[in-house]
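Have a look at entry-v7.pdb below; it lists PDB, C-alpha atoms.
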ATOM      1  CA  MET T   1       0.000   0.000   0.000
ATOM      2  CA  LEU T   2       2.848   2.360   0.859
ATOM      3  CA  ILE T   3       4.469   1.657  -2.497
ATOM      4  CA  ARG T   4       1.261   2.611  -4.336
ATOM      5  CA  ILE T   5       1.037   5.898  -2.452
ATOM      6  CA  ILE T   6       4.679   6.724  -3.161
ATOM      7  CA  LEU T   7       4.260   5.801  -6.821
ATOM      8  CA  ALA T   8       1.127   7.976  -7.101
ATOM      9  CA  LEU T   9       2.963  10.908  -5.493
ATOM     10  CA  VAL T  10       5.904  10.513  -7.874
ATOM     11  CA  ILE T  11       3.602  10.464 -10.887
ATOM     12  CA  ALA T  12       1.674  13.480  -9.608
ATOM     13  CA  CYS T  13       4.925  15.392  -9.031
ATOM     14  CA  MET T  14       6.077  14.558 -12.545
ATOM     15  CA  PHE T  15       2.903  15.952 -14.096
ATOM     16  CA  ILE T  16       2.772  19.011 -11.855
ATOM     17  CA  GLY T  17       6.492  19.717 -12.253
ATOM     18  CA  GLY T  18       6.315  19.410 -16.033
ATOM     19  CA  LEU T  19       8.701  16.436 -16.221
ATOM     20  CA  GLY T  20      11.764  18.697 -16.072
ATOM     21  CA  ALA T  21      14.257  17.997 -18.846
ATOM     22  CA  ALA T  22      11.806  15.905 -20.851
ATOM     23  CA  GLY T  23      10.000  19.070 -21.919
ATOM     24  CA  GLY T  24       6.803  18.543 -19.981
ATOM     25  CA  ILE T  25       3.786  16.685 -21.222
ATOM     26  CA  THR T  26       4.486  17.744 -24.802
ATOM     27  CA  GLY T  27       7.956  16.218 -24.620
ATOM     28  CA  LEU T  28       6.507  13.003 -23.263
ATOM     29  CA  LYS T  29       3.926  12.851 -26.068
ATOM     30  CA  THR T  30       6.633  13.493 -28.663
ATOM     31  CA  ALA T  31       8.844  10.753 -27.209
ATOM     32  CA  ILE T  32       5.945   8.303 -27.259
ATOM     33  CA  ALA T  33       5.071   9.231 -30.853
ATOM     34  CA  ASP T  34       8.706   8.731 -31.916
ATOM     35  CA  LYS T  35       8.806   5.311 -30.239
ATOM     36  CA  GLN T  36       5.622   4.361 -32.088
ATOM     37  CA  ILE T  37       7.160   5.409 -35.418
ATOM     38  CA  VAL T  38      10.324   3.395 -34.671
ATOM     39  CA  SER T  39       8.170   0.388 -33.772
ATOM     40  CA  ASN T  40       6.200   0.757 -37.016
ATOM     41  CA  SER T  41       9.502   1.041 -38.879
ATOM     42  CA  ALA T  42      10.619  -2.309 -37.478
ATOM     43  CA  MET T  43       7.342  -3.957 -38.489
ATOM     44  CA  LEU T  44       7.501  -2.408 -41.967
ATOM     45  CA  ASP T  45      11.133  -3.446 -42.383
ATOM     46  CA  LYS T  46      10.274  -7.040 -41.495
ATOM     47  CA  ALA T  47       7.272  -7.008 -43.835
ATOM     48  CA  ILE T  48       9.445  -5.769 -46.728
ATOM     49  CA  VAL T  49      11.975  -8.564 -46.143
ATOM     50  CA  ASN T  50       9.151 -11.126 -45.916
ATOM     51  CA  TRP T  51       7.698  -9.737 -49.149
ATOM     52  CA  TYR T  52      11.114 -10.042 -50.800
ATOM     53  CA  THR T  53      11.589 -13.689 -49.833
ATOM     54  CA  SER T  54       8.032 -14.766 -50.629
ATOM     55  CA  HIS T  55       7.707 -12.913 -53.971
ATOM     56  CA  ASP T  56      10.522 -14.521 -55.921
ATOM     57  CA  TYR T  57      13.188 -12.311 -54.317
ATOM     58  CA  GLU T  58      11.841  -9.053 -55.723
ATOM     59  CA  LEU T  59      11.553  -5.894 -53.652
ATOM     60  CA  PRO T  60       8.519  -3.681 -54.120
ATOM     61  CA  GLU T  61       9.173  -0.658 -56.325
ATOM     62  CA  SER T  62       7.312   1.602 -53.894
ATOM     63  CA  LEU T  63       5.064   1.407 -50.860
ATOM     64  CA  SER T  64       1.389   2.298 -50.938
ATOM     65  CA  LYS T  65      -1.587   1.850 -48.658
ATOM     66  CA  ASP T  66      -2.733  -1.087 -50.800
ATOM     67  CA  MET T  67       0.710  -2.674 -50.523
ATOM     68  CA  LEU T  68       0.597  -2.319 -46.734
ATOM     69  CA  ASP T  69      -2.845  -3.948 -46.667
ATOM     70  CA  ILE T  70      -1.458  -6.904 -48.620
ATOM     71  CA  MET T  71       1.422  -7.111 -46.115
ATOM     72  CA  GLY T  72      -1.085  -7.095 -43.248
ATOM     73  CA  LEU T  73      -0.106  -3.663 -41.924
ATOM     74  CA  TYR T  74      -3.237  -1.563 -41.626
ATOM     75  CA  ASP T  75      -2.519   1.359 -39.296
ATOM     76  CA  ILE T  76       0.832   2.667 -40.514
ATOM     77  CA  ASP T  77       1.072   6.267 -41.696
ATOM     78  CA  LEU T  78       3.302   6.192 -44.780
ATOM     79  CA  SER T  79       3.915   9.933 -44.564
ATOM     80  CA  LYS T  80       6.314   9.181 -41.684
ATOM     81  CA  PHE T  81       8.522   6.963 -43.882
ATOM     82  CA  THR T  82      10.674   7.211 -46.966
ATOM     83  CA  TYR T  83      11.197   3.986 -48.918
ATOM     84  CA  THR T  84      13.701   3.667 -51.749
ATOM     85  CA  LYS T  85      14.571   0.551 -53.721
ATOM     86  CA  LEU T  86      18.337   0.846 -54.197
ATOM     87  CA  SER T  87      18.932  -2.325 -56.205
ATOM     88  CA  ASP T  88      17.365  -5.733 -56.799
ATOM     89  CA  ASN T  89      18.313  -6.848 -53.293
ATOM     90  CA  LYS T  90      18.796  -3.622 -51.340
ATOM     91  CA  PHE T  91      16.411  -0.979 -50.021
ATOM     92  CA  ARG T  92      16.392   2.000 -47.694
ATOM     93  CA  LEU T  93      13.600   2.670 -45.214
ATOM     94  CA  VAL T  94      13.935   5.874 -43.208
ATOM     95  CA  ALA T  95      11.558   6.938 -40.454
ATOM     96  CA  LYS T  96      10.946  10.661 -39.992
ATOM     97  CA  LEU T  97      10.932  11.469 -36.268
ATOM     98  CA  SER T  98      10.256  14.716 -34.447
ATOM     99  CA  GLY T  99      12.677  17.610 -34.671
ATOM    100  CA  LYS T 100      13.945  16.686 -38.163
ATOM    101  CA  LYS T 101      15.522  13.501 -36.761
ATOM    102  CA  THR T 102      15.522  10.386 -38.893
ATOM    103  CA  GLU T 103      16.256   6.746 -38.247
ATOM    104  CA  ALA T 104      17.039   4.055 -40.809
ATOM    105  CA  SER T 105      15.518   0.614 -40.374
ATOM    106  CA  VAL T 106      17.561  -2.449 -39.471
ATOM    107  CA  ASN T 107      17.832  -3.861 -42.999
ATOM    108  CA  SER T 108      18.273  -0.526 -44.754
ATOM    109  CA  ASP T 109      21.286  -0.376 -47.057
ATOM    110  CA  ARG T 110      22.045  -4.060 -46.470
ATOM    111  CA  ASP T 111      22.328  -6.665 -49.171
ATOM    112  CA  LEU T 112      19.482  -9.137 -48.839
ATOM    113  CA  PRO T 113      20.139 -12.761 -49.808
ATOM    114  CA  LEU T 114      19.962 -13.379 -53.531
ATOM    115  CA  LYS T 115      17.636 -15.921 -55.073
ATOM    116  CA  PRO T 116      19.098 -19.395 -54.620
ATOM    117  CA  VAL T 117      20.468 -20.850 -57.821
ATOM    118  CA  GLU T 118      18.954 -24.204 -58.607
ATOM    119  CA  THR T 119      21.556 -26.739 -59.616
ATOM    120  CA  PRO T 120      20.646 -29.905 -61.478
ATOM    121  CA  SER T 121      20.826 -32.853 -59.126
ATOM    122  CA  SER T 122      23.103 -35.654 -60.167
ATOM    123  CA  SER T 123      21.107 -38.832 -59.645
ATOM    124  CA  GLY T 124      22.966 -41.196 -61.859
ATOM    125  CA  SER T 125      22.990 -44.430 -59.829
TER     126      SER T 125
END
What is this structure when it is put down as structure tokens?
Amino acid sequence: MLIRIILALVIACMFIGGLGAAGGITGLKTAIADKQIVSNSAMLDKAIVNWYTSHDYELPESLSKDMLDIMGLYDIDLSKFTYTKLSDNKFRLVAKLSGKKTEASVNSDRDLPLKPVETPSSSGS
């Protein structure tokens, strides 16, 4: 019970005091929004790689709302992202965060595995 009271007092002090260096409530909202964009970036990055491996090792030329629906991503705001197909097996996905900050996704600018080359099997027994 004492812990709950202390925790409630700390939270109340944070809101009343404006959260200090975090920039108050606005800073907290901005930080949460940025974390959400980074999380969406990770999901989008994974969906692009899954698309690549399941569609004959071809990256999408561009991203659209319809493309996201096909990938199963319904609530992502594409205006927060920049997608560029760099080559047949390389792309760049950049998330636009607050304050003109950007963050590239995990697989951005990395070579994805190429399509496996099928070799004729030698079954001459």
Applying 12 Å and all atoms listed in the file, which residues near range 65-75 of chain T remain after dropping the ones on its own chain fewer than 6 positions away? List them as an NGL selection string. :T and (36-37 or 40-52 or 54-55 or 59)
Could you tell me which residues the PyMOL selection byres ((chain T and resi 81-90) around 10) grabs in this file, written as JSON, numbers by chain? {"T": [37, 40, 41, 44, 45, 49, 52, 57, 58, 59, 60, 61, 62, 63, 76, 77, 78, 79, 80, 91, 92, 93, 94, 95, 96, 97, 102, 103, 104, 107, 108, 109, 110, 111, 112, 113, 114, 115]}
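Across the model, the gap from CA of Lys100 in chain T to CA of Val38 in chain T is 14.2 Å.
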Please indicate the distance in Å from CA of Gly99 in chain T to CA of Ser39 in chain T, rounded to one decimal place. 17.8 Å
One decimal, in Å: what's the spacing between CA of Ala33 in chain T and CA of Ile3 in chain T? 29.4 Å
